[in-house]
Every structure is written in structure tokens, then in C-alpha cells.
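Novice: Just model-v7.tsv, nothing more (TSV, C-alpha atoms):
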```
chain	number	residue	atom	x	y	z
N	1	ASP	CA	-20.12	-127.74	-71.10
N	2	GLN	CA	-23.24	-125.67	-70.46
N	3	PRO	CA	-24.17	-125.02	-66.83
N	4	THR	CA	-27.31	-126.66	-65.46
N	5	LYS	CA	-28.09	-123.82	-63.02
N	6	PHE	CA	-28.42	-120.25	-64.18
N	7	HIS	CA	-30.41	-117.05	-64.03
N	8	ASP	CA	-30.99	-115.20	-67.32
N	9	ILE	CA	-31.14	-117.70	-70.16
N	10	VAL	CA	-31.62	-117.04	-73.86
N	11	ALA	CA	-32.08	-119.83	-76.43
N	12	TRP	CA	-31.80	-118.94	-80.05
N	13	ASN	CA	-31.58	-120.46	-83.52
N	14	PHE	CA	-28.31	-120.13	-85.39
N	15	LYS	CA	-28.01	-121.53	-88.92
N	16	ASP	CA	-31.14	-123.68	-88.36
N	17	LYS	CA	-29.57	-125.49	-85.39
N	18	LEU	CA	-31.13	-124.99	-81.97
N	19	VAL	CA	-28.76	-123.77	-79.32
N	20	GLU	CA	-30.02	-124.60	-75.84
N	21	ALA	CA	-28.25	-122.30	-73.43
N	22	GLY	CA	-27.98	-123.59	-69.91
N	23	VAL	CA	-29.39	-127.04	-70.70
N	24	ASP	CA	-27.30	-130.15	-70.25
N	25	ASN	CA	-29.24	-133.01	-71.88
N	26	LYS	CA	-27.02	-135.52	-70.11
N	27	ALA	CA	-28.11	-134.27	-66.70
N	28	ALA	CA	-30.91	-136.01	-64.83
N	29	THR	CA	-32.57	-132.67	-64.06
N	30	ILE	CA	-32.62	-129.27	-65.73
N	31	ASP	CA	-32.66	-126.60	-63.00
N	32	LEU	CA	-34.14	-123.30	-64.09
N	33	ASN	CA	-33.62	-120.33	-61.78
N	34	GLY	CA	-34.72	-117.73	-64.31
N	35	ASP	CA	-36.87	-117.18	-67.36
N	36	ILE	CA	-36.10	-118.57	-70.81
N	37	SER	CA	-36.72	-116.69	-74.05
N	38	ALA	CA	-35.84	-117.40	-77.67
N	39	THR	CA	-36.61	-115.76	-80.97
N	40	GLN	CA	-37.35	-119.23	-82.34
N	41	ASN	CA	-37.36	-122.61	-80.50
N	42	VAL	CA	-36.92	-123.68	-76.90
N	43	THR	CA	-36.31	-127.38	-76.17
N	44	LEU	CA	-36.16	-128.84	-72.67
N	45	ASP	CA	-35.15	-132.46	-73.02
N	46	GLY	CA	-35.34	-133.94	-69.54
N	47	ASN	CA	-37.07	-133.38	-66.21
N	48	VAL	CA	-37.21	-129.69	-65.28
N	49	THR	CA	-37.06	-128.08	-61.83
N	50	LEU	CA	-38.27	-124.48	-61.60
N	51	SER	CA	-37.44	-122.03	-58.85
N	52	GLY	CA	-39.89	-119.36	-57.76
N	53	THR	CA	-38.15	-116.87	-60.05
N	54	ALA	CA	-38.54	-119.04	-63.17
N	55	ASP	CA	-41.97	-117.96	-64.38
N	56	ALA	CA	-41.76	-117.66	-68.17
N	57	ILE	CA	-40.69	-119.80	-71.12
N	58	THR	CA	-41.03	-117.98	-74.43
N	59	ALA	CA	-40.36	-119.01	-78.03
N	60	THR	CA	-41.40	-115.86	-79.84
N	61	ASN	CA	-41.55	-117.27	-83.37
N	62	GLY	CA	-41.18	-120.97	-82.75
N	63	THR	CA	-41.96	-124.04	-80.69
N	64	ILE	CA	-41.57	-124.95	-77.04
N	65	THR	CA	-40.76	-128.64	-76.63
N	66	VAL	CA	-40.82	-130.21	-73.18
N	67	ASN	CA	-39.77	-133.86	-72.93
N	68	GLY	CA	-40.29	-134.71	-69.28
N	69	ASN	CA	-41.70	-133.64	-65.95
N	70	ILE	CA	-41.83	-130.07	-64.62
N	71	THR	CA	-41.59	-129.42	-60.89
N	72	GLY	CA	-41.92	-125.92	-59.47
N	73	ALA	CA	-44.37	-125.51	-56.62
N	74	ASP	CA	-43.56	-121.77	-56.35
N	75	SER	CA	-43.53	-121.01	-60.06
N	76	ASP	CA	-46.36	-119.13	-61.79
N	77	LEU	CA	-45.45	-120.55	-65.17
N	78	VAL	CA	-46.43	-118.70	-68.36
N	79	LEU	CA	-45.72	-120.36	-71.70
N	80	SER	CA	-45.74	-118.35	-74.94
N	81	ALA	CA	-45.00	-119.68	-78.43
N	82	ASP	CA	-46.49	-120.36	-81.83
N	83	THR	CA	-46.78	-124.03	-80.86
N	84	ALA	CA	-45.76	-126.35	-78.05
N	85	THR	CA	-45.24	-130.10	-77.73
N	86	VAL	CA	-45.47	-132.06	-74.48
N	87	SER	CA	-44.06	-135.56	-74.13
N	88	GLY	CA	-42.43	-137.91	-71.66
N	89	ASN	CA	-38.93	-139.29	-71.71
N	90	ALA	CA	-37.18	-142.58	-71.13
N	91	SER	CA	-37.49	-142.31	-67.35
N	92	ASP	CA	-41.17	-141.28	-67.34
N	93	THR	CA	-43.38	-141.71	-70.40
N	94	THR	CA	-46.35	-139.89	-68.80
N	95	PRO	CA	-45.21	-136.39	-67.86
N	96	THR	CA	-46.41	-134.66	-64.70
N	97	TRP	CA	-46.21	-130.88	-64.26
N	98	THR	CA	-46.49	-129.48	-60.73
N	99	VAL	CA	-46.52	-125.68	-60.39
N	100	ASN	CA	-48.16	-122.93	-58.37
N	101	SER	CA	-50.08	-121.81	-61.46
N	102	ILE	CA	-49.86	-122.21	-65.22
N	103	ASP	CA	-51.02	-120.11	-68.18
N	104	THR	CA	-50.63	-121.42	-71.74
N	105	THR	CA	-52.99	-118.99	-73.48
N	106	GLY	CA	-49.98	-117.44	-75.19
N	107	ILE	CA	-49.42	-120.65	-77.19
N	108	GLY	CA	-51.12	-120.98	-80.57
N	109	ILE	CA	-51.67	-124.71	-80.02
N	110	MET	CA	-50.15	-127.12	-77.50
N	111	THR	CA	-50.02	-130.76	-78.58
N	112	LEU	CA	-49.96	-133.64	-76.12
N	113	THR	CA	-47.92	-136.59	-77.37
N	114	ALA	CA	-48.33	-138.50	-74.10
N	115	ALA	CA	-50.84	-138.75	-71.28
N	116	THR	CA	-50.15	-135.62	-69.23
N	117	ALA	CA	-51.01	-134.52	-65.67
N	118	ILE	CA	-50.89	-130.91	-64.46
N	119	THR	CA	-51.22	-130.00	-60.78
N	120	ALA	CA	-51.41	-126.40	-59.55
N	121	ASP	CA	-52.70	-124.84	-56.34
N	122	ALA	CA	-52.24	-121.06	-56.72
N	123	ALA	CA	-51.80	-121.13	-52.96
N	124	ASP	CA	-49.75	-117.93	-52.82
N	125	GLY	CA	-52.58	-115.81	-54.26
N	126	GLY	CA	-54.53	-115.23	-57.44
N	127	GLY	CA	-57.75	-116.96	-58.38
N	128	THR	CA	-56.69	-118.95	-61.45
N	129	ALA	CA	-54.49	-121.98	-60.97
N	130	ILE	CA	-54.75	-123.41	-64.48
N	131	GLU	CA	-55.63	-121.53	-67.67
N	132	LEU	CA	-54.96	-123.47	-70.84
N	133	GLY	CA	-54.95	-122.25	-74.41
N	134	GLN	CA	-55.75	-124.39	-77.43
N	135	LEU	CA	-54.96	-128.10	-76.99
N	136	ALA	CA	-54.53	-131.02	-79.38
N	137	GLY	CA	-53.36	-134.63	-79.21
N	138	ASP	CA	-54.86	-138.08	-78.86
N	139	TYR	CA	-54.02	-138.42	-75.16
N	140	THR	CA	-55.68	-137.91	-71.78
N	141	LEU	CA	-55.12	-134.71	-69.82
N	142	THR	CA	-55.50	-134.87	-66.03
N	143	LEU	CA	-55.85	-131.58	-64.15
N	144	THR	CA	-55.77	-130.89	-60.41
N	145	ALA	CA	-56.14	-127.41	-58.91
N	146	SER	CA	-55.90	-128.25	-55.24
N	147	ASP	CA	-56.27	-124.95	-53.36
N	148	ASN	CA	-59.78	-124.51	-51.93
N	149	THR	CA	-59.74	-120.72	-52.44
N	150	ASN	CA	-57.59	-119.97	-55.48
N	151	GLY	CA	-57.84	-123.11	-57.57
N	152	ASP	CA	-59.84	-121.92	-60.59
N	153	VAL	CA	-59.49	-123.73	-63.92
N	154	ILE	CA	-60.25	-122.12	-67.29
N	155	LEU	CA	-60.30	-124.31	-70.40
N	156	ASN	CA	-60.35	-122.94	-73.94
N	157	ALA	CA	-60.50	-124.80	-77.25
N	158	ALA	CA	-59.33	-128.41	-77.34
N	159	ASN	CA	-59.35	-131.55	-79.45
N	160	ILE	CA	-57.77	-134.26	-77.29
N	161	PHE	CA	-58.53	-137.84	-76.30
N	162	ALA	CA	-59.99	-137.28	-72.83
N	163	LEU	CA	-60.14	-134.90	-69.87
N	164	ALA	CA	-60.10	-135.83	-66.18
N	165	LEU	CA	-60.41	-132.79	-63.91
N	166	GLN	CA	-59.98	-133.97	-60.34
N	167	ASP	CA	-60.08	-130.87	-58.15
N	168	ALA	CA	-60.80	-127.15	-58.53
N	169	VAL	CA	-62.78	-124.16	-57.27
N	170	ASP	CA	-64.51	-122.69	-60.34
N	171	VAL	CA	-64.28	-124.64	-63.60
N	172	THR	CA	-65.06	-122.85	-66.88
N	173	PHE	CA	-65.26	-124.32	-70.38
N	174	SER	CA	-64.97	-121.04	-72.26
N	175	GLN	CA	-64.55	-122.32	-75.83
N	176	ASP	CA	-65.24	-125.50	-77.80
N	177	PHE	CA	-63.78	-128.46	-75.91
N	178	GLN	CA	-63.82	-131.72	-77.89
N	179	THR	CA	-62.65	-135.20	-76.95
N	180	ASN	CA	-62.54	-138.62	-78.59
N	181	GLY	CA	-63.07	-140.12	-75.15
N	182	SER	CA	-64.72	-138.88	-71.99
N	183	VAL	CA	-64.90	-135.55	-70.18
N	184	THR	CA	-65.00	-135.90	-66.39
N	185	VAL	CA	-65.13	-133.13	-63.80
N	186	ASN	CA	-64.99	-134.72	-60.37
N	187	THR	CA	-66.95	-133.95	-57.20
N	188	ALA	CA	-64.05	-132.14	-55.52
N	189	ILE	CA	-65.27	-128.77	-56.81
N	190	THR	CA	-65.80	-125.97	-54.30
N	191	GLY	CA	-67.19	-123.35	-56.70
N	192	THR	CA	-69.25	-123.56	-59.90
N	193	ILE	CA	-68.93	-125.64	-63.06
N	194	THR	CA	-69.75	-123.37	-66.01
N	195	VAL	CA	-69.97	-124.07	-69.74
N	196	THR	CA	-69.99	-120.91	-71.86
N	197	GLY	CA	-68.36	-122.53	-74.89
N	198	SER	CA	-69.24	-126.16	-75.55
N	199	ILE	CA	-68.35	-129.74	-74.66
N	200	VAL	CA	-68.46	-132.43	-77.35
N	201	ALA	CA	-67.34	-135.89	-76.24
N	202	ASP	CA	-67.43	-139.07	-78.31
N	203	ALA	CA	-67.86	-140.93	-75.01
N	204	ALA	CA	-69.48	-139.86	-71.72
N	205	VAL	CA	-69.63	-136.43	-70.10
N	206	THR	CA	-69.69	-136.31	-66.29
N	207	LEU	CA	-69.97	-133.01	-64.41
N	208	ALA	CA	-70.21	-133.43	-60.64
N	209	ASN	CA	-70.20	-130.71	-57.99
N	210	ASN	CA	-70.75	-131.07	-54.24
N	211	ALA	CA	-70.64	-127.30	-53.65
N	212	ALA	CA	-73.44	-124.72	-53.51
N	213	GLY	CA	-72.31	-123.16	-56.80
N	214	GLY	CA	-73.83	-126.03	-58.74
N	215	ILE	CA	-73.66	-126.42	-62.51
N	216	ASP	CA	-74.40	-123.67	-65.06
N	217	ILE	CA	-74.78	-124.71	-68.71
N	218	ASN	CA	-74.78	-121.76	-71.14
N	219	GLY	CA	-73.29	-123.62	-74.10
N	220	PRO	CA	-74.17	-126.97	-75.70
N	221	VAL	CA	-73.04	-130.23	-74.09
N	222	THR	CA	-72.93	-133.46	-76.10
N	223	GLY	CA	-71.91	-136.84	-74.73
N	224	ALA	CA	-72.28	-139.59	-77.31
N	225	THR	CA	-72.56	-142.42	-74.78
N	226	GLY	CA	-74.28	-140.50	-72.00
N	227	ILE	CA	-74.32	-137.42	-69.80
N	228	THR	CA	-74.32	-137.13	-66.03
N	229	MET	CA	-74.73	-133.83	-64.20
N	230	ALA	CA	-74.86	-134.08	-60.43
N	231	ALA	CA	-75.07	-131.16	-57.98
N	232	THR	CA	-75.54	-132.22	-54.37
N	233	GLN	CA	-75.90	-128.69	-52.90
N	234	GLY	CA	-76.68	-126.26	-55.72
N	235	ASN	CA	-78.88	-125.97	-58.80
N	236	VAL	CA	-78.33	-127.36	-62.27
N	237	ALA	CA	-79.19	-124.58	-64.73
N	238	ILE	CA	-79.47	-125.58	-68.39
N	239	ASP	CA	-79.76	-122.73	-70.88
N	240	ALA	CA	-78.31	-124.51	-73.90
N	241	ASP	CA	-78.87	-127.87	-75.59
N	242	VAL	CA	-77.80	-131.05	-73.81
N	243	ALA	CA	-77.78	-134.20	-75.96
N	244	SER	CA	-76.69	-137.82	-76.10
N	245	SER	CA	-76.94	-140.28	-78.97
N	246	GLY	CA	-77.71	-143.97	-79.45
N	247	ASP	CA	-78.38	-145.65	-76.12
N	248	GLY	CA	-76.68	-142.90	-74.13
N	249	GLN	CA	-78.61	-142.05	-70.97
N	250	ILE	CA	-78.94	-138.55	-69.49
N	251	ASP	CA	-78.99	-138.19	-65.68
N	252	ILE	CA	-79.38	-134.69	-64.23
N	253	ASP	CA	-79.59	-134.47	-60.45
N	254	ALA	CA	-79.85	-131.45	-58.16
N	255	THR	CA	-80.18	-133.28	-54.87
N	256	ALA	CA	-80.87	-130.19	-52.75
N	257	GLY	CA	-81.87	-127.67	-55.40
N	258	ASN	CA	-83.61	-127.05	-58.71
N	259	VAL	CA	-83.13	-128.42	-62.19
N	260	ASN	CA	-83.81	-125.27	-64.23
N	261	ILE	CA	-84.20	-125.74	-67.99
N	262	ALA	CA	-84.58	-122.76	-70.33
N	263	GLN	CA	-85.01	-120.13	-67.66
N	264	ALA	CA	-82.63	-117.66	-69.36
N	265	SER	CA	-82.29	-119.07	-72.90
N	266	ALA	CA	-84.15	-121.68	-74.95
N	267	ALA	CA	-82.81	-125.19	-74.33
N	268	THR	CA	-83.52	-128.81	-75.18
N	269	VAL	CA	-82.46	-131.92	-73.26
N	270	SER	CA	-82.55	-134.82	-75.73
N	271	SER	CA	-81.55	-138.43	-76.18
N	272	VAL	CA	-82.43	-141.20	-78.61
N	273	ASN	CA	-82.91	-144.59	-76.93
N	274	GLY	CA	-81.32	-143.65	-73.62
N	275	GLU	CA	-83.51	-142.77	-70.66
N	276	ILE	CA	-83.66	-139.17	-69.44
N	277	ASP	CA	-83.77	-139.00	-65.63
N	278	LEU	CA	-84.16	-135.66	-63.87
N	279	LEU	CA	-84.13	-135.44	-60.07
N	280	ALA	CA	-84.58	-132.26	-58.03
N	281	GLY	CA	-84.58	-131.79	-54.28
N	282	THR	CA	-86.91	-128.85	-54.85
N	283	SER	CA	-88.36	-128.23	-58.36
N	284	ILE	CA	-87.92	-128.95	-62.05
N	285	LEU	CA	-88.69	-125.84	-64.10
N	286	LEU	CA	-89.14	-126.20	-67.88
N	287	GLY	CA	-89.37	-122.98	-69.91
N	288	ALA	CA	-90.00	-119.38	-68.92
N	289	ALA	CA	-91.44	-116.19	-70.40
N	290	GLY	CA	-89.80	-115.83	-73.80
N	291	GLN	CA	-87.81	-119.05	-73.44
N	292	ALA	CA	-89.01	-122.48	-74.63
N	293	GLY	CA	-87.79	-125.60	-72.91
N	294	GLU	CA	-87.98	-129.14	-74.26
N	295	ILE	CA	-87.25	-132.63	-72.94
N	296	THR	CA	-87.35	-135.25	-75.68
N	297	THR	CA	-86.33	-138.75	-76.67
N	298	THR	CA	-86.40	-139.34	-80.41
N	299	GLY	CA	-86.09	-143.14	-80.18
N	300	THR	CA	-87.42	-145.41	-77.46
N	301	GLY	CA	-85.97	-143.66	-74.43
N	302	LEU	CA	-88.10	-143.13	-71.35
N	303	ILE	CA	-88.44	-139.79	-69.54
N	304	ASP	CA	-88.55	-139.86	-65.74
N	305	LEU	CA	-89.03	-136.56	-63.87
N	306	ASN	CA	-88.84	-136.60	-60.06
N	307	ALA	CA	-89.01	-133.50	-57.88
N	308	THR	CA	-89.77	-133.02	-54.21
N	309	THR	CA	-91.77	-129.81	-54.71
N	310	ALA	CA	-92.94	-129.18	-58.27
N	311	PHE	CA	-92.65	-129.85	-61.97
N	312	THR	CA	-93.65	-126.64	-63.71
N	313	MET	CA	-93.90	-125.94	-67.45
N	314	ALA	CA	-94.05	-122.41	-68.87
N	315	ASN	CA	-93.96	-120.86	-72.37
N	316	ALA	CA	-96.34	-121.80	-75.18
N	317	SER	CA	-93.64	-123.80	-77.01
N	318	SER	CA	-92.36	-125.86	-74.09
N	319	LYS	CA	-92.99	-129.60	-74.32
N	320	VAL	CA	-92.06	-133.07	-73.14
N	321	THR	CA	-92.06	-135.73	-75.87
N	322	SER	CA	-91.00	-139.35	-75.57
N	323	GLY	CA	-90.64	-142.26	-77.93
N	324	GLY	CA	-91.13	-144.40	-74.84
N	325	ALA	CA	-93.04	-143.53	-71.68
N	326	ILE	CA	-93.24	-140.43	-69.45
N	327	ASP	CA	-93.32	-140.64	-65.67
N	328	ILE	CA	-93.66	-137.51	-63.48
N	329	ASP	CA	-93.66	-137.64	-59.69
N	330	PRO	CA	-93.53	-134.38	-57.63
N	331	ASP	CA	-95.87	-132.70	-55.13
N	332	THR	CA	-97.45	-130.37	-57.69
N	333	VAL	CA	-97.53	-130.53	-61.49
N	334	THR	CA	-98.26	-127.77	-63.98
N	335	ILE	CA	-98.56	-128.95	-67.58
N	336	ALA	CA	-98.50	-126.08	-70.08
N	337	GLY	CA	-97.32	-125.09	-73.55
N	338	GLU	CA	-97.42	-127.99	-75.99
N	339	GLY	CA	-97.83	-130.37	-73.08
N	340	LEU	CA	-96.86	-134.03	-72.85
N	341	GLU	CA	-96.74	-136.58	-75.67
N	342	ALA	CA	-95.47	-140.15	-75.57
N	343	VAL	CA	-95.66	-143.31	-77.63
N	344	GLY	CA	-95.98	-145.30	-74.41
N	345	ASN	CA	-97.76	-144.61	-71.15
N	346	ILE	CA	-97.92	-141.22	-69.47
N	347	THR	CA	-98.09	-141.39	-65.68
N	348	VAL	CA	-98.32	-138.35	-63.43
N	349	ASP	CA	-98.43	-138.94	-59.67
N	350	ALA	CA	-98.73	-135.85	-57.47
N	351	THR	CA	-99.29	-135.48	-53.75
N	352	ASP	CA	-100.98	-132.07	-54.03
N	353	THR	CA	-102.32	-130.76	-57.36
N	354	ILE	CA	-102.10	-131.36	-61.10
N	355	GLN	CA	-102.95	-128.41	-63.34
N	356	VAL	CA	-103.37	-129.24	-67.03
N	357	ASN	CA	-103.05	-126.26	-69.37
N	358	GLY	CA	-101.65	-128.20	-72.31
N	359	VAL	CA	-102.28	-131.40	-74.26
N	360	VAL	CA	-101.54	-134.77	-72.66
N	361	ASN	CA	-101.41	-137.43	-75.37
N	362	SER	CA	-100.24	-141.04	-75.50
N	363	THR	CA	-100.27	-142.31	-79.08
N	364	SER	CA	-100.04	-146.02	-78.23
N	365	GLY	CA	-100.47	-146.32	-74.46
N	366	SER	CA	-102.50	-144.98	-71.58
N	367	VAL	CA	-102.67	-141.74	-69.57
N	368	ALA	CA	-102.96	-141.78	-65.80
N	369	LEU	CA	-103.12	-138.59	-63.71
N	370	SER	CA	-103.28	-139.26	-59.98
N	371	VAL	CA	-103.33	-137.02	-56.90
N	372	ASN	CA	-102.79	-138.44	-53.48
N	373	ASP	CA	-103.41	-135.50	-51.13
N	374	THR	CA	-102.03	-136.47	-47.75
```
Show how you would write the structure in this file as C-alpha cells.

Specialist:
Amino acid sequence: DQPTKFHDIVAWNFKDKLVEAGVDNKAATIDLNGDISATQNVTLDGNVTLSGTADAITATNGTITVNGNITGADSDLVLSADTATVSGNASDTTPTWTVNSIDTTGIGIMTLTAATAITADAADGGGTAIELGQLAGDYTLTLTASDNTNGDVILNAANIFALALQDAVDVTFSQDFQTNGSVTVNTAITGTITVTGSIVADAAVTLANNAAGGIDINGPVTGATGITMAATQGNVAIDADVASSGDGQIDIDATAGNVNIAQASAATVSSVNGEIDLLAGTSILLGAAGQAGEITTTGTGLIDLNATTAFTMANASSKVTSGGAIDIDPDTVTIAGEGLEAVGNITVDATDTIQVNGVVNSTSGSVALSVNDT
């Protein structure tokens, strides 16, 4: 019989039959006290316990298959292979991996064949708790990076069912992340949520951050049934297109800061029949020198812009266009560029000044500009 506890383990392929050294499939737990490497495949069929010295599982020219949970709070786990497959087992059909940190960027593509949860805290140092390479599979991935200092999460390309990210410091979508369901990044973020790649969800996208780092969108975000971006302490900066379809509503809130659209790169926030609601504790800025910003609904969606301080348009090509109505309600309003156009009513209520340097046009309704200087 093979031992279940060991140090240096090598798995290799001999006459097309996988030899799993140090793995007893009859055991309830596979205890790994060292790294595993194979020239071809590595299969771990059962729940796995990692010691602090078990940091690498490598299948140089093959596949890593894990059928079960992984537990190793002190392990900085690095997986490397052409492909990998993650699944549950008879005792637990939804695998949970708990490690100090995990890096799967050395895997060509990792396929989820069950709903999977990964928890890492990176509590013993290092900034990145979870860095995942390419993902596939029609299942939900739940991620938790629980350390308030070192719990960064970096996501690369994916095509999975859904993502639920529950806790992290900095969260970065660095490549194209696609889901058939929703993408949710929860409020337990202590750094910044950044999109440099893209997010494309066939359901809703929710990005929520209670920290001063706010939300920084530098790549397109699409949520078919709606988009919510909420920053309670920081700014929401949008320098790439944000779009929903059908009746999907777009809500972008910076409760204590700015909603900045197209301040560094041209950007459009667009929906069809869904309402676009922007709320800023300070100002909403649309467009800048050299960068055109646009807020538009191509169907019947309303546009509602609320800011405590100002709504300011810049750039000759910036515009707000609505197939429904437009309502703007800050202290000061500067209308510039191509101005405001709506099928329905256009209502601007300011408590200080309204400066009109662009066209204000309602094709089928009325225009009302009001200043109530208190």
C-alpha cells in the first residue's frame, strides 16, 4: 500500500496508466507534507490536507485533477499544468479550498465541474492572496481573501457561470472575465476595485466598495440585466464603456465622492429601457479635454443625475441623450459639448447656477431649467 503521509512525491505516467505515488484513494484524507510533480498527470481523488511545506502541485505536460476539498491554512499553493479539473466527491459535491494563498496562473485552463469556493488570507505576508489563471466551467466560483492587509485578488480570463467575491483588499479584473450568470464583488473590500480587462455578464454586475479606494473602470463592463457600482467612501471613475441591455438598470453611486466619466479616456454609460441613475456626494464630471463622455439610453430609459455639488460637462463631443426623460439635480450645472437631448421632459433643478453652453432639446416634451438660490 502507498503511504498517505510523505515528503517528496513524484507522480508519473507509465504505459498510459497514472501512478499516484503517496495517494491512498481509500483514505478519508490525503495528507501532503511536500510538493508533488509529474511529467504528465496528477490526480488527487479525495479531500486533501496540505502542510506549510506543501506549496506546489505540478503536472508538466498533463492535467491536475482534484476531486475534493483542499485544506492548508499555511500553504502558499502554486498549481502548474496544461489543464486542471476541479470537482467534488461523494462526501462533498461542492469543493472548498482553504489556503494561505493560491496561484493558478501556471495552468493553461482550469475547469470547474462543481460549484467551488476558495478562501485565502495571505496572513503570513505577501500582497496577493488569490491569483487565478484562465477559468472555464458552468459553475459558480466563490472567493474570499480575508486578510485586511494582504488579501489582494487578481482575476484573469474566465468563462464560468457566476462569480461571488466576498472579501478582499484590492480586486483586479486584468483580462476578459465572462459569466453566464452574475458577477458580484461584495462591500467587504478594503482597497480598490479595478477593471483593466473587461467584465461581460449575461446577468447582473455588482461592484461594491466601502473603502476610500473606490472603483476604477479602465475596461468595458457589460451586465445584461443591470449594473450596480457603489462606492461609499471613494470615487467611481469610468474610463471605458459601461452598458446594460433590455430593461437592465444602471446605478452608479459615489456616496461621499465623485462619479467621474471620461476623465482619462473616452467612455459611454448606456442602457436601453433601463433607467440610468448616477449619485455623487460631491460632483458628476462628464468628459474632459481630449476625452468625450456620454450618458445615453437608446430605448425608453430615463436618466437621473444627482450630485451634491455639481454636474459638469466638458469636451465638444460630450452629451446626454435619453429615449425617456432627463432629470438633473445638483447645486451647479454646466451644460456643454453636444448638450442634452431627450424624447421626454428635461428638468434641471439647481440651487446655485446653471450655465448653458450646449443645446438643450426635448423632441416630444418640455424643458424646465430652475435655480433656487438659497

Novice: Find the residue from N:Thr96, N:Thr194, N:Ser80, N:Thr119 that sits nearest to Gly133 (chain N); use only C-alpha atoms when measuring.

Specialist: N:Ser80

Novice: Which of these residues is nearest to Val221 (chain N), using all atoms listed in the file: N:Ser245, N:Asn372, N:Ser322, N:Asn41?

Specialist: N:Ser245

Novice: Counting all atoms listed in the file, which residues of region 156-220 of chain N fall within 12 Å of region 100-108 of chain N, and what is the closest atom pair for each with its distance in Å at one decimal, ordered by chain and rising number, as CSV?

Specialist:
```
residue,atom,partner,partner_atom,distance
N:Asn156,CA,N:Thr105,CA,8.4
N:Ala157,CA,N:Thr105,CA,10.2
N:Ala158,CA,N:Gly108,CA,11.5
```

Novice: Selected residues, C-alpha atoms, written as a PDB file, in the coordinates of the input, please.

Specialist:
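Result file again14.pdb:
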```
ATOM      1  CA  ASN N 156     -60.350-122.940 -73.940  1.00  0.00           C
ATOM      2  CA  ALA N 157     -60.500-124.800 -77.250  1.00  0.00           C
ATOM      3  CA  ALA N 158     -59.330-128.410 -77.340  1.00  0.00           C
TER       4      ALA N 158
END
```

Novice: Applying 10 Å and all atoms listed in the file, which residues near Ser318 (chain N) remain after dropping the ones on its own chain fewer than 3 positions away? List them as a short mmCIF file (atom, residue, chain, number, x, y, z; two decimals) with C-alpha atoms, in the frame of the given file.

Specialist:
```cif
data_model
loop_
_atom_site.label_atom_id
_atom_site.label_comp_id
_atom_site.auth_asym_id
_atom_site.auth_seq_id
_atom_site.Cartn_x
_atom_site.Cartn_y
_atom_site.Cartn_z
CA ALA N 262 -84.58 -122.76 -70.33
CA ALA N 266 -84.15 -121.68 -74.95
CA ALA N 267 -82.81 -125.19 -74.33
CA THR N 268 -83.52 -128.81 -75.18
CA LEU N 286 -89.14 -126.20 -67.88
CA GLY N 287 -89.37 -122.98 -69.91
CA ALA N 288 -90.00 -119.38 -68.92
CA GLN N 291 -87.81 -119.05 -73.44
CA ALA N 292 -89.01 -122.48 -74.63
CA GLY N 293 -87.79 -125.60 -72.91
CA GLU N 294 -87.98 -129.14 -74.26
CA ILE N 295 -87.25 -132.63 -72.94
CA MET N 313 -93.90 -125.94 -67.45
CA ALA N 314 -94.05 -122.41 -68.87
CA ASN N 315 -93.96 -120.86 -72.37
CA ILE N 335 -98.56 -128.95 -67.58
CA ALA N 336 -98.50 -126.08 -70.08
CA GLY N 337 -97.32 -125.09 -73.55
CA GLU N 338 -97.42 -127.99 -75.99
CA GLY N 339 -97.83 -130.37 -73.08
CA LEU N 340 -96.86 -134.03 -72.85
CA GLY N 358 -101.65 -128.20 -72.31
#
```

Novice: Find, counting only C-alpha atoms, the residue in N:Ser265, N:Ser37, N:Thr49, N:Thr142 that gets nearest to Leu79 (chain N).

Specialist: N:Ser37

Novice: How many Å lie between CA of Ile36 (chain N) and CA of Asp55 (chain N), rounded to one decimal?

Specialist: 8.7 Å

Novice: Which residues are near region 58-66 of chain N? Cut-off 7 Å, all atoms listed in the file, ignore same chain within fewer than 5 positions. Put them as a VMD selection string.

Specialist: chain N and resid 36 to 45 79 to 87

Novice: Mind giving me the straight-line distance from CA of Ser317 (chain N) to CA of Asn361 (chain N) in Å, one decimal?

Specialist: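 CA of Asn361 (chain N) lies 15.8 Å from CA of Ser317 (chain N).
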
Novice: Check the smallest atom-to-atom distance from each of N:Thr196, N:Thr111, N:Thr128, N:Asn260 to Asn159 (chain N) using only C-alpha atoms, then report the winner.

Specialist: N:Thr111

Novice: What separation in Å, quoted to one decimal, exists between CA of Ala188 (chain N) and CA of Ala162 (chain N)?

Specialist: 18.5 Å

Novice: Might you pull out every residue within 6 Å of Ala256 (chain N), with only C-alpha atoms counted and same-chain residues fewer than 2 positions away left off, and present them as a count of residues only?

Specialist: 4

Novice: Excluding Val367 (chain N) and its own-chain neighbours fewer than 3 positions away, which residues fall within 8 Å of it when counting only C-alpha atoms? Please give them as a VMD selection string.

Specialist: chain N and resid 345 to 347 360 to 362

Novice: Could you pull the residues within 9 Å of region 368-371 of chain N, counting all atoms listed in the file, minus those fewer than 4 positions along the same chain, as a VMD selection string?

Specialist: chain N and resid 331 to 332 345 to 354

Novice: Using only C-alpha atoms, pick whichever of N:Gly301, N:Gly46, N:Gly52, N:Gly151 has the shortest atom-to-atom distance to Ile189 (chain N).

Specialist: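 When distances to Ile189 (chain N) are compared using only C-alpha atoms, the smallest one comes from N:Gly151.
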
Novice: Of the candidates N:Val333, N:Leu207, N:Val272, N:Ile30, which shows the shortest atom-to-atom distance to Val185 (chain N), using all atoms listed in the file?

Specialist: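 Using all atoms listed in the file, the shortest distance to Val185 (chain N) belongs to N:Leu207.
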
Novice: Using the atoms already present, construct N, CA and C atoms for region 56-65 of chain N and hand them back as a compact mmCIF listing (two decimals), in the coordinates of the input.

Specialist:
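Wrote it out as selection.txt, contents follow:
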```txt
# COMPACT_ATOMS: atom_id res chain seq x y z
N ALA N 56 -41.40 -117.84 -66.76
CA ALA N 56 -41.76 -117.66 -68.17
C ALA N 56 -40.83 -118.46 -69.07
N ILE N 57 -41.43 -119.16 -70.03
CA ILE N 57 -40.69 -119.80 -71.12
C ILE N 57 -41.32 -119.31 -72.41
N THR N 58 -40.51 -118.66 -73.24
CA THR N 58 -41.03 -117.98 -74.43
C THR N 58 -40.23 -118.37 -75.65
N ALA N 59 -40.95 -118.81 -76.70
CA ALA N 59 -40.36 -119.01 -78.03
C ALA N 59 -41.14 -118.11 -78.98
N THR N 60 -40.61 -116.91 -79.21
CA THR N 60 -41.40 -115.86 -79.84
C THR N 60 -41.95 -116.26 -81.20
N ASN N 61 -41.12 -116.90 -82.02
CA ASN N 61 -41.55 -117.27 -83.37
C ASN N 61 -41.32 -118.76 -83.62
N GLY N 62 -41.49 -119.56 -82.58
CA GLY N 62 -41.18 -120.97 -82.75
C GLY N 62 -41.97 -121.87 -81.83
N THR N 63 -41.31 -122.96 -81.43
CA THR N 63 -41.96 -124.04 -80.69
C THR N 63 -41.27 -124.26 -79.36
N ILE N 64 -42.08 -124.47 -78.32
CA ILE N 64 -41.57 -124.95 -77.04
C ILE N 64 -41.77 -126.45 -77.00
N THR N 65 -40.70 -127.19 -76.74
CA THR N 65 -40.76 -128.64 -76.63
C THR N 65 -40.30 -129.04 -75.23
```
